[in-house]
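Q: For reference, this is entry.cif, and it has mmCIF, C-alpha atoms.
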```
data_data
#
loop_
_atom_site.group_PDB
_atom_site.id
_atom_site.type_symbol
_atom_site.label_atom_id
_atom_site.label_comp_id
_atom_site.auth_asym_id
_atom_site.auth_seq_id
_atom_site.Cartn_x
_atom_site.Cartn_y
_atom_site.Cartn_z
ATOM 1 C CA MET A 98 0.000 0.000 0.000
ATOM 2 C CA GLY A 99 1.476 3.348 -1.029
ATOM 3 C CA ILE A 100 0.254 5.701 1.675
ATOM 4 C CA GLU A 101 1.521 9.257 1.245
ATOM 5 C CA VAL A 102 1.181 11.861 4.012
ATOM 6 C CA ARG A 103 0.996 15.547 3.102
ATOM 7 C CA PRO A 104 0.192 18.834 4.873
ATOM 8 C CA ALA A 105 -3.569 19.351 5.128
ATOM 9 C CA THR A 106 -3.899 22.031 2.461
ATOM 10 C CA ASP A 107 -6.722 20.112 0.743
ATOM 11 C CA PHE A 108 -9.897 21.337 2.428
ATOM 12 C CA GLU A 109 -12.070 18.695 0.753
ATOM 13 C CA GLY A 110 -9.769 15.985 2.117
ATOM 14 C CA VAL A 111 -10.033 17.454 5.610
ATOM 15 C CA ARG A 112 -13.818 17.653 5.245
ATOM 16 C CA THR A 113 -13.885 13.978 4.244
ATOM 17 C CA LEU A 114 -12.015 12.958 7.409
ATOM 18 C CA VAL A 115 -13.303 15.314 10.111
ATOM 19 C CA GLY A 116 -16.202 17.288 8.628
ATOM 20 C CA PRO A 117 -19.899 16.570 9.233
ATOM 21 C CA ARG A 118 -22.280 15.056 6.695
ATOM 22 C CA ASN A 119 -24.617 17.947 7.438
ATOM 23 C CA PRO A 120 -22.767 21.273 6.954
ATOM 24 C CA ASP A 121 -25.015 22.929 9.572
ATOM 25 C CA ALA A 122 -23.855 20.513 12.296
ATOM 26 C CA ASN A 123 -21.707 21.784 15.162
ATOM 27 C CA VAL A 124 -19.250 18.885 15.198
ATOM 28 C CA CYS A 125 -15.604 19.035 16.145
ATOM 29 C CA TRP A 126 -13.784 19.530 12.789
ATOM 30 C CA CYS A 127 -10.785 18.782 15.058
ATOM 31 C CA LEU A 128 -11.070 22.300 16.471
ATOM 32 C CA SER A 129 -11.913 21.563 20.119
ATOM 33 C CA HIS A 130 -8.265 21.010 21.051
ATOM 34 C CA ARG A 131 -6.817 23.323 18.388
ATOM 35 C CA VAL A 132 -8.374 26.725 19.118
ATOM 36 C CA PRO A 133 -9.268 28.616 22.313
ATOM 37 C CA SER A 134 -12.583 27.448 23.758
ATOM 38 C CA LYS A 135 -14.206 30.856 23.165
ATOM 39 C CA VAL A 136 -13.344 30.646 19.469
ATOM 40 C CA ASN A 137 -14.477 27.023 19.308
ATOM 41 C CA SER A 138 -17.849 27.756 20.893
ATOM 42 C CA SER A 139 -18.396 30.876 18.766
ATOM 43 C CA LEU A 140 -18.111 28.919 15.507
ATOM 44 C CA VAL A 141 -21.462 27.384 14.600
ATOM 45 C CA GLY A 142 -22.631 25.363 11.633
ATOM 46 C CA PRO A 143 -20.968 26.270 8.333
ATOM 47 C CA GLU A 144 -18.700 28.823 10.093
ATOM 48 C CA ARG A 145 -16.713 25.884 11.475
ATOM 49 C CA GLY A 146 -15.935 24.552 8.013
ATOM 50 C CA GLU A 147 -15.042 28.014 6.717
ATOM 51 C CA PHE A 148 -12.653 28.490 9.634
ATOM 52 C CA VAL A 149 -10.950 25.191 8.780
ATOM 53 C CA ARG A 150 -10.856 26.148 5.076
ATOM 54 C CA ARG A 151 -8.910 29.306 6.002
ATOM 55 C CA MET A 152 -6.538 27.209 8.135
ATOM 56 C CA CYS A 153 -5.924 24.885 5.154
ATOM 57 C CA GLU A 154 -5.038 27.921 3.024
ATOM 58 C CA SER A 155 -2.757 29.443 5.680
ATOM 59 C CA GLN A 156 1.000 29.157 6.150
ATOM 60 C CA LEU A 157 0.332 26.593 8.904
ATOM 61 C CA PRO A 158 -2.228 24.007 7.782
ATOM 62 C CA PRO A 159 -4.217 22.371 10.608
ATOM 63 C CA GLY A 160 -2.474 19.002 10.350
ATOM 64 C CA VAL A 161 -1.677 16.282 7.847
ATOM 65 C CA LEU A 162 -3.674 13.992 5.590
ATOM 66 C CA ALA A 163 -2.825 10.447 4.507
ATOM 67 C CA TYR A 164 -3.693 9.482 0.946
ATOM 68 C CA ASP A 165 -4.003 6.128 -0.748
ATOM 69 C CA GLY A 166 -3.523 7.324 -4.308
ATOM 70 C CA ASP A 167 -5.865 10.310 -4.620
ATOM 71 C CA GLU A 168 -8.180 9.157 -1.830
ATOM 72 C CA PRO A 169 -7.829 10.806 1.601
ATOM 73 C CA VAL A 170 -7.820 7.977 4.148
ATOM 74 C CA GLY A 171 -6.354 9.472 7.330
ATOM 75 C CA TRP A 172 -6.037 12.653 9.356
ATOM 76 C CA ALA A 173 -3.760 13.885 12.141
ATOM 77 C CA GLY A 174 -4.174 17.181 13.972
ATOM 78 C CA VAL A 175 -0.699 18.609 14.636
ATOM 79 C CA ALA A 176 0.463 22.111 15.577
ATOM 80 C CA PRO A 177 2.717 23.981 17.998
ATOM 81 C CA ARG A 178 1.464 23.193 21.517
ATOM 82 C CA ALA A 179 1.393 26.942 22.220
ATOM 83 C CA ASP A 180 -1.353 27.225 19.569
ATOM 84 C CA THR A 181 -3.523 24.513 21.109
ATOM 85 C CA GLN A 182 -5.635 23.944 24.199
ATOM 86 C CA PHE A 183 -2.780 21.803 25.558
ATOM 87 C CA ALA A 184 -0.882 25.030 26.268
ATOM 88 C CA ARG A 185 -3.436 25.704 29.017
ATOM 89 C CA SER A 186 -4.367 22.163 30.043
ATOM 90 C CA ARG A 187 -4.515 21.391 33.746
ATOM 91 C CA LYS A 188 -4.680 17.654 33.086
ATOM 92 C CA ILE A 189 -1.819 17.261 30.589
ATOM 93 C CA PRO A 190 1.377 18.562 32.191
ATOM 94 C CA HIS A 191 4.169 20.523 30.567
ATOM 95 C CA VAL A 192 7.378 18.587 31.067
ATOM 96 C CA ASP A 193 9.579 21.648 30.507
ATOM 97 C CA ASP A 194 9.598 24.971 28.640
ATOM 98 C CA LEU A 195 10.666 23.531 25.279
ATOM 99 C CA PRO A 196 8.343 24.889 22.536
ATOM 100 C CA VAL A 197 7.115 21.440 21.541
ATOM 101 C CA TRP A 198 4.506 20.589 18.958
ATOM 102 C CA SER A 199 1.496 18.399 19.737
ATOM 103 C CA VAL A 200 -0.243 15.672 17.768
ATOM 104 C CA TRP A 201 -3.621 15.123 19.395
ATOM 105 C CA CYS A 202 -5.988 13.499 16.916
ATOM 106 C CA LEU A 203 -5.443 10.502 14.646
ATOM 107 C CA ARG A 204 -8.272 9.276 12.460
ATOM 108 C CA VAL A 205 -8.431 6.592 9.772
ATOM 109 C CA ARG A 206 -11.482 6.103 7.574
ATOM 110 C CA PRO A 207 -13.422 2.856 7.905
ATOM 111 C CA GLY A 208 -12.252 0.360 5.320
ATOM 112 C CA HIS A 209 -8.648 1.548 5.689
ATOM 113 C CA ARG A 210 -8.037 0.600 9.312
ATOM 114 C CA GLY A 211 -5.551 -2.103 10.237
ATOM 115 C CA LYS A 212 -3.385 -1.328 7.194
ATOM 116 C CA GLY A 213 -0.642 0.769 8.790
ATOM 117 C CA VAL A 214 -2.217 4.157 8.094
ATOM 118 C CA LEU A 215 -1.918 5.248 11.746
ATOM 119 C CA ALA A 216 1.831 4.658 11.763
ATOM 120 C CA ARG A 217 2.219 6.595 8.500
ATOM 121 C CA LEU A 218 0.114 9.458 9.934
ATOM 122 C CA LEU A 219 2.298 9.655 13.016
ATOM 123 C CA ASP A 220 5.476 9.575 10.902
ATOM 124 C CA GLY A 221 3.977 12.288 8.685
ATOM 125 C CA SER A 222 3.125 14.396 11.737
ATOM 126 C CA VAL A 223 6.724 14.136 12.915
ATOM 127 C CA ALA A 224 8.013 15.175 9.476
ATOM 128 C CA PHE A 225 5.509 18.072 9.331
ATOM 129 C CA ALA A 226 6.689 19.395 12.715
ATOM 130 C CA ARG A 227 10.395 18.818 11.962
ATOM 131 C CA GLU A 228 10.151 20.681 8.620
ATOM 132 C CA ARG A 229 8.705 23.653 10.498
ATOM 133 C CA GLY A 230 11.495 23.776 13.073
ATOM 134 C CA ALA A 231 9.904 21.939 16.002
ATOM 135 C CA PRO A 232 12.517 20.920 18.595
ATOM 136 C CA ALA A 233 10.273 18.056 19.774
ATOM 137 C CA ILE A 234 6.798 16.663 19.264
ATOM 138 C CA GLU A 235 4.444 15.232 21.871
ATOM 139 C CA GLY A 236 1.361 13.070 21.832
ATOM 140 C CA TYR A 237 -1.080 12.282 24.624
ATOM 141 C CA PRO A 238 -2.267 8.742 23.863
ATOM 142 C CA VAL A 239 -3.997 6.216 26.054
ATOM 143 C CA ASP A 240 -1.961 3.594 27.857
ATOM 144 C CA ASN A 241 -4.481 0.821 27.216
ATOM 145 C CA ARG A 242 -2.025 -2.049 27.800
ATOM 146 C CA GLY A 243 -3.420 -3.937 24.816
ATOM 147 C CA GLU A 244 -7.042 -3.734 25.923
ATOM 148 C CA ARG A 245 -9.734 -2.741 23.439
ATOM 149 C CA VAL A 246 -10.519 0.990 23.269
ATOM 150 C CA ASP A 247 -13.899 2.312 22.131
ATOM 151 C CA GLN A 248 -13.424 3.678 18.581
ATOM 152 C CA THR A 249 -14.960 7.029 19.509
ATOM 153 C CA MET A 250 -12.215 7.571 22.110
ATOM 154 C CA ALA A 251 -9.314 6.039 20.153
ATOM 155 C CA PHE A 252 -8.596 9.321 18.331
ATOM 156 C CA VAL A 253 -5.889 10.162 20.899
ATOM 157 C CA GLY A 254 -3.809 7.182 19.759
ATOM 158 C CA PHE A 255 -2.164 4.382 21.690
ATOM 159 C CA ARG A 256 1.053 4.370 23.696
ATOM 160 C CA THR A 257 2.395 1.418 21.681
ATOM 161 C CA LEU A 258 1.881 3.297 18.395
ATOM 162 C CA PHE A 259 3.957 6.194 19.708
ATOM 163 C CA GLU A 260 6.632 3.865 21.099
ATOM 164 C CA ARG A 261 7.011 2.144 17.725
ATOM 165 C CA ALA A 262 7.577 5.606 16.192
ATOM 166 C CA GLY A 263 10.426 6.300 18.641
ATOM 167 C CA PHE A 264 8.538 8.403 21.189
ATOM 168 C CA VAL A 265 9.268 7.860 24.881
ATOM 169 C CA LYS A 266 6.995 8.336 27.868
ATOM 170 C CA VAL A 267 7.991 11.496 29.719
ATOM 171 C CA ALA A 268 5.044 11.972 32.098
ATOM 172 C CA ASP A 269 1.760 10.656 33.394
ATOM 173 C CA THR A 270 -1.322 12.854 33.077
ATOM 174 C CA ASP A 271 -4.546 13.412 34.986
ATOM 175 C CA SER A 272 -6.459 12.829 31.740
ATOM 176 C CA VAL A 273 -8.432 9.724 30.825
ATOM 177 C CA SER A 274 -9.896 8.705 27.469
ATOM 178 C CA GLY A 275 -12.213 5.748 27.033
ATOM 179 C CA GLY A 276 -11.534 4.720 30.631
ATOM 180 C CA PHE A 277 -7.761 4.511 30.131
ATOM 181 C CA PRO A 278 -5.068 6.838 31.479
ATOM 182 C CA ARG A 279 -3.317 9.103 29.001
ATOM 183 C CA VAL A 280 0.444 9.628 29.043
ATOM 184 C CA VAL A 281 2.769 12.243 27.576
ATOM 185 C CA MET A 282 4.911 10.707 24.849
ATOM 186 C CA ARG A 283 7.717 12.786 23.326
ATOM 187 C CA LEU A 284 10.113 12.542 20.419
ATOM 188 C CA ASP A 285 13.121 14.865 20.476
ATOM 189 C CA LEU A 286 13.797 16.333 17.020
ATOM 190 C CA ARG A 287 17.004 18.219 17.804
#
```
Can you present the structure in this file as structure tokens?
A:
Amino acid sequence: MGIEVRPATDFEGVRTLVGPRNPDANVCWCLSHRVPSKVNSSLVGPERGEFVRRMCESQLPPGVLAYDGDEPVGWAGVAPRADTQFARSRKIPHVDDLPVWSVWCLRVRPGHRGKGVLARLLDGSVAFARERGAPAIEGYPVDNRGERVDQTMAFVGFRTLFERAGFVKVADTDSVSGGFPRVVMRLDLR
């Protein structure tokens, strides 16, 4: 399988992965962790998609997309931590003052799961951050110890996925997803 990961400059691809079927819906669009809560709550219906469209057209796209040929099959939200809700999180600790980047959402379309897309998305997120000068990148996955995680809560990723990509655990958190504790995993890019 020739999965290619690219910056999320293709709005239609982003819509396919994280947009609602009904454009008037107030679903995440992967904004709840990306923008300040006041901005997130002020964007309703189609305004959410338009906000994401502008992000896709900006100098810093909102993440990366995985493609199988021309078909978008995966999404990862990735940005400087300072530009995300994790900059202010009380549950996910800051290990130090390094201006790290965060990858917080990993999504693979049904029909493409179990084919290595998640690993390619994480590798692509690392490359995206490295190319933009990130000194390190963090993720906040669940430490599910091999137990099954509800698909709706699996978007944070799994500790083992991050370990296979070379990340190391640097801290525990006070956050839980799907009933499992989340940990801070970091990859130094210096």
Q: Could you expand the PyMOL selection byres ((chain A and resi 258) around 12) into the explicit residues it covers here, written as an NGL selection string?
A: :A and (203 or 213-220 or 236-243 or 251 or 253-257 or 259-266 or 282)
Q: For the point (3.1, 6.8, 2.2) in file coordinates, what residues are within 8 Å, counting all atoms listed in the file? Give the answer as JSON, numbers by chain?
A: {"A": [98, 99, 100, 101, 102, 163, 164, 165, 217]}
Q: Within 10 Å of Arg210 in chain A, counting only C-alpha atoms, which residues show up once you throw out same-chain ones fewer than 6 positions away? Write them as a PyMOL selection string, please.
A: chain A and resi 170-171+204
Q: Which is closer to Val197 in chain A than all the others in A:Val132, A:Val161, A:Ala224, A:Ile234, using all atoms listed in the file?
A: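 When distances to Val197 in chain A are compared using all atoms listed in the file, the smallest one comes from A:Ile234.
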Q: Using 4 Å of padding on each side, determine the axis-aligned box around all atoms of range 196-205 of chain A present in the file and give its centre and edge lengths in Å to one decimal, as lines of an AutoDock Vina configuration file.
A:
```
center_x = 0.0
center_y = 15.7
center_z = 16.2
size_x = 24.8
size_y = 26.3
size_z = 20.8
```
Q: My list of candidates is A:Ile189, A:Ala268, A:Cys125, A:Leu157. Which is closest to Glu228 in chain A when distances are computed with all atoms listed in the file?
A: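 Closest candidate: A:Leu157.
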Q: Any idea what's packed within 12 Å of Glu144 in chain A, counting only C-alpha atoms, ignoring anything in its chain fewer than 2 positions away? Could you give it as a PyMOL selection string?
A: chain A and resi 116+120-126+128+136-142+146-151
